[in-house]
Amino acid sequence: MALKLDHLKVYYQTLHGQVKALDDISLQLKDGEILGVAGESGCGKSTLSNALILLKPPMRFISGEVYLDGEKVPIEEYQKMVAFRFKKISIIPQYAMNAMNPTVKIGRYIQDLLLVRGETPEKVFPELKRRLKLVELSESILDLFPIELSGGMKQRMVMVIATLLNPSLLIADEITSALDVSTQKAVSEMLVEFRNRGFVKSIIFVTHDVSVLYQIADRIFIMYAGKFAEIGPTQTVIHHSRHPYTGMLVQAMPEVGIRYEKQPLTGIPGQPPLLLHPPEGCRFKDRCPFAYGRCNQVPPQTQISEGHEVACWKEVEKDA
Amino acid sequence: MLELENVTKVYRVGAFGKGSLRAVDRACFSIGPGEVCSLIGESGSGKSTLGKMILKLSPVSSGTIRFEEEDITTISSTKQLKEYYRKVQGVFQDPFSSFNPIFKADRVFHIIHREFFPKVADQDWEKRVHDSLRSVGINPGEVLHKFPHQLSGGQLQRLLIARALLLDVKVLVADEIISMLDASTRIDVLNLLALLKKKGLCVLFITHDLSLGYYISDKAVILYKGVVVETGTTDAVFLNPVHPYTRKLLKAVPRLDMKWEDVELEAPRGEIPELFIPGETPGACTLQQIHEGHFVAVPGGE
C-alpha cells in the first residue's frame, strides 16, 4: 500500500468560521498506481494535493492520519515534513509557468535545490541529463533562463525536476489544464512513462477533465464539496458509475462525435454548496434527482466490489 | 455577414521593434448569419489575435475585414466605432477579470444604458435587462445587486452574454469563453450559444478544445502558426481530416470511449493535393477546395 489516508480532515480557518474543504477522506493507493482525482472547482481536490506537501495557513489540520509506505506522514508538522518533501512526496504544481526561479539559470536552480536537500549535484546530474533526453529536451536547456522556454517545455522541465530524487508519491495538480490537446497528450504519456520506468512509485493526478483521466488513470476518485463520492477502476467509474454525481459529470462532457442538434447534453443544475456551512447529510442532495429522506444523514462509504467504493444511500438500501 | 480577406497581423518584437513576428498570415474565411464558426488552434497560433482584430482591439497590418459589406479596418472615429460595437461584441476567457471587483456586477448594464441608450427610461431599461437575463437562463433576482465574487464563473459569463444581447448584436466573438468553467456549467453556456444561433446570431467561437468546437459549430477553421491550414463544414473537417496537423490534433483529443493508443483515423477520402505545412514548406500558400465546402492549404499564391 503506497499511500493510505485515514479519515483525513483539513479545514481552512477564516474569520467567519471553518471552511470544510477536506472532510473525512479515506482512501488507499496501491504501489505503481495512477489515481485520478476529479471534481468541480472548489471541491477540495487541490486542497488534497497541497495538504500532502505543505499545510500552509489558513489551512488547518483537524484530524486523521496519512501513511506512506507504512510510515506515518506528519503532515501537520512543518519541520518534520522537510524530510518527506521532494524526496518522498513531490508535486508538479498547477502553474509550472511560475514554478521556477526566474532570476537564475535552470541548471543553477536545480543545483541549489539539490544542495538544500543534502544531495551532491555531481552525482545526480548524469541522471538528470538522461531524463532530459527522455522528455525530448536538450542538455543546453540548463544554461537557459525559465523565460526562454515555451509553456510545454517548462511543464516537462518541472516534471523532470519534481521526480529527480525518485519520490514514492508524485502529485500532479491540474498540469494539463492550460495546455492544448497535442501537448496535453505528450505530457500525460510522459507521466505514465515515468511511472513505468520506476522514477515514481505512484501518482495522484488531479484534474477537472475526466476524459484525460480515462486515458491514463488506473483508478478514479470523484470528490464532491470536500467529501468522498466515488472511487473505482477507470472503466467502472466512467461507464458503470454508481454515484449520481459521477454519472452526471461524465454525461456533461462533450466529445468529438456529439453535436448539439443531434444529442444536446445537459449540465448539472444548481451549484455546489458553500463549504463554510455545508448542508447536513449528503452534500449532493440539493442537486440530486434521486434524493430522499435518508439523504439528510451522512452516507457511509460502501464497498460495491474490489476497489470500488461509493458514498450514497441508494447503494446501502439496495443491499439491505 | 463577416468576411475576412487576407487578414495579416505582424507584431514588432525585440529591442526597438527590430524583429517582426507574423502572428496571422493572410487568413480568409467568412461567417454568415445564424452560423457558429469555431476557430481552433493551439496556443500561439494567432486565434486570439484574429478575434481582437475583428473586435478592433488591435489594428490590422494588411487585408480587409468586411462587416455587412463595409470595410471596418479603416473606421476610426468614435461615432463609427460606437455604431460598430452596437452590432459586434466580444466575451473573453476569464469572467472574473472581465468585471471590476469594486463595483457590483450589474454595473455593466448601467454603462450600456448610459452610453448606447440614454433616451430609454429607467423603468423600461430595467425590463429589458430582466428579459435579457432570462433569455440567457438566469433568474434576475439571483444576480442583480451582487458583487462579482458572489457569483459563479458560469453566471458571470452568461451575464456578459446578456450584456451583449442588450445591444443589437449581430456578431459575438467568444474567445475561449468556457475554458475556465467547470465541466458541469460549461455545457450550459455552450447550449446557450446554440440557442442564440437559432435566433440568427453569428458566433465566432475561439477554442483549443476540439470536442467543444464540434459540439456547436457549423464551420471549422483550423489555424496553425497563423495560417489557415484547413477549413470547411464541421463534418467535413472533423470526419474527413486531410491536413496532417488537423489529423494530429484529432488523434490527441482525449476521448471517453477509446484510449489514445487505439485511436486510428481513416485515411482521407478523395484525391489529396500536395499540402502546405507552415514552417516547413517555403513560400506562400493558398486555399484549394477538395470537396464541396472543404478547403485545405496548398503551396502557391503570391
# chains A, B, ... in the order shown; residues from 1 in each chain; ligands from 1

$ interface_residues --of "chain A" --to "chain B" --cutoff "9 Å" --atoms "only C-alpha atoms" --output "PyMOL selection string"
chain A and resi 39-41+177-186+208-216+238-239+248-261+264-269+271

$ residues_around --residues "Leu52 (chain A)" --least-positions-apart "4" --cutoff "9 Å" --atoms "only C-alpha atoms" --output "mmCIF file with C-alpha atoms, in the first residue's frame"
data_model
loop_
_atom_site.group_PDB
_atom_site.id
_atom_site.type_symbol
_atom_site.label_atom_id
_atom_site.label_comp_id
_atom_site.auth_asym_id
_atom_site.auth_seq_id
_atom_site.Cartn_x
_atom_site.Cartn_y
_atom_site.Cartn_z
ATOM 1 C CA THR A 47 -6.550 21.077 -1.000
ATOM 2 C CA LEU A 48 -5.957 17.334 -1.023
ATOM 3 C CA VAL A 66 -1.662 9.685 6.470
ATOM 4 C CA VAL A 73 3.443 11.200 7.461
ATOM 5 C CA ILE A 75 1.520 16.485 7.602
ATOM 6 C CA ILE A 89 6.437 13.138 -1.814
ATOM 7 C CA ILE A 171 1.191 14.709 -7.105
#

$ residues_around --residues "region 295-299 of chain A" --least-positions-apart "6" --cutoff "8 Å" --atoms "only C-alpha atoms" --output "number ranges by chain"
A: 280-282, 285, 311-313

$ select_by_dssp --residues "region 82-263 of chain A" --states "alpha helix (DSSP H)" --output "VMD selection string"
chain A and resid 106 to 116 121 to 134 151 to 162 181 to 196 210 to 216 234 to 239 244 to 251

$ residues_around --residues "Thr163 (chain A)" --least-positions-apart "6" --cutoff "9 Å" --atoms "only C-alpha atoms" --output "VMD selection string"
chain A and resid 86 to 87 90 to 92 170 194 199 to 200

$ decode --residues "region 112-153 of chain A" --atoms "C-alpha atoms" --output "CSV table (one decimal), in the first residue's frame"
chain,number,residue,atom,x,y,z
A,112,ASP,CA,20.6,24.9,-5.4
A,113,LEU,CA,17.6,22.6,-4.9
A,114,LEU,CA,19.8,19.6,-4.5
A,115,LEU,CA,22.3,21.2,-2.1
A,116,VAL,CA,19.5,22.3,0.2
A,117,ARG,CA,18.3,18.7,0.3
A,118,GLY,CA,21.8,17.5,1.2
A,119,GLU,CA,22.4,15.8,-2.2
A,120,THR,CA,25.6,16.0,-4.3
A,121,PRO,CA,24.7,17.7,-7.6
A,122,GLU,CA,27.6,15.9,-9.4
A,123,LYS,CA,26.1,12.5,-8.6
A,124,VAL,CA,22.6,13.5,-9.7
A,125,PHE,CA,23.4,15.5,-12.9
A,126,PRO,CA,24.2,12.5,-15.2
A,127,GLU,CA,20.8,11.0,-14.3
A,128,LEU,CA,19.2,14.5,-14.9
A,129,LYS,CA,20.7,14.6,-18.4
A,130,ARG,CA,19.4,11.1,-19.2
A,131,ARG,CA,15.9,12.1,-18.1
A,132,LEU,CA,16.1,15.4,-20.1
A,133,LYS,CA,16.7,13.2,-23.2
A,134,LEU,CA,13.7,11.1,-22.3
A,135,VAL,CA,11.4,14.1,-22.3
A,136,GLU,CA,13.0,15.4,-25.5
A,137,LEU,CA,14.7,18.4,-24.1
A,138,SER,CA,18.4,19.1,-24.9
A,139,GLU,CA,21.0,19.4,-22.3
A,140,SER,CA,21.7,23.0,-23.3
A,141,ILE,CA,18.4,23.9,-21.6
A,142,LEU,CA,20.3,24.0,-18.3
A,143,ASP,CA,22.0,27.2,-19.5
A,144,LEU,CA,18.8,29.0,-20.2
A,145,PHE,CA,16.5,31.1,-18.0
A,146,PRO,CA,13.0,29.9,-17.5
A,147,ILE,CA,11.6,32.8,-19.5
A,148,GLU,CA,13.3,31.4,-22.7
A,149,LEU,CA,11.2,28.2,-22.6
A,150,SER,CA,7.8,27.7,-24.1
A,151,GLY,CA,4.9,26.5,-21.8
A,152,GLY,CA,5.1,22.9,-22.8
A,153,MET,CA,8.9,22.9,-22.3
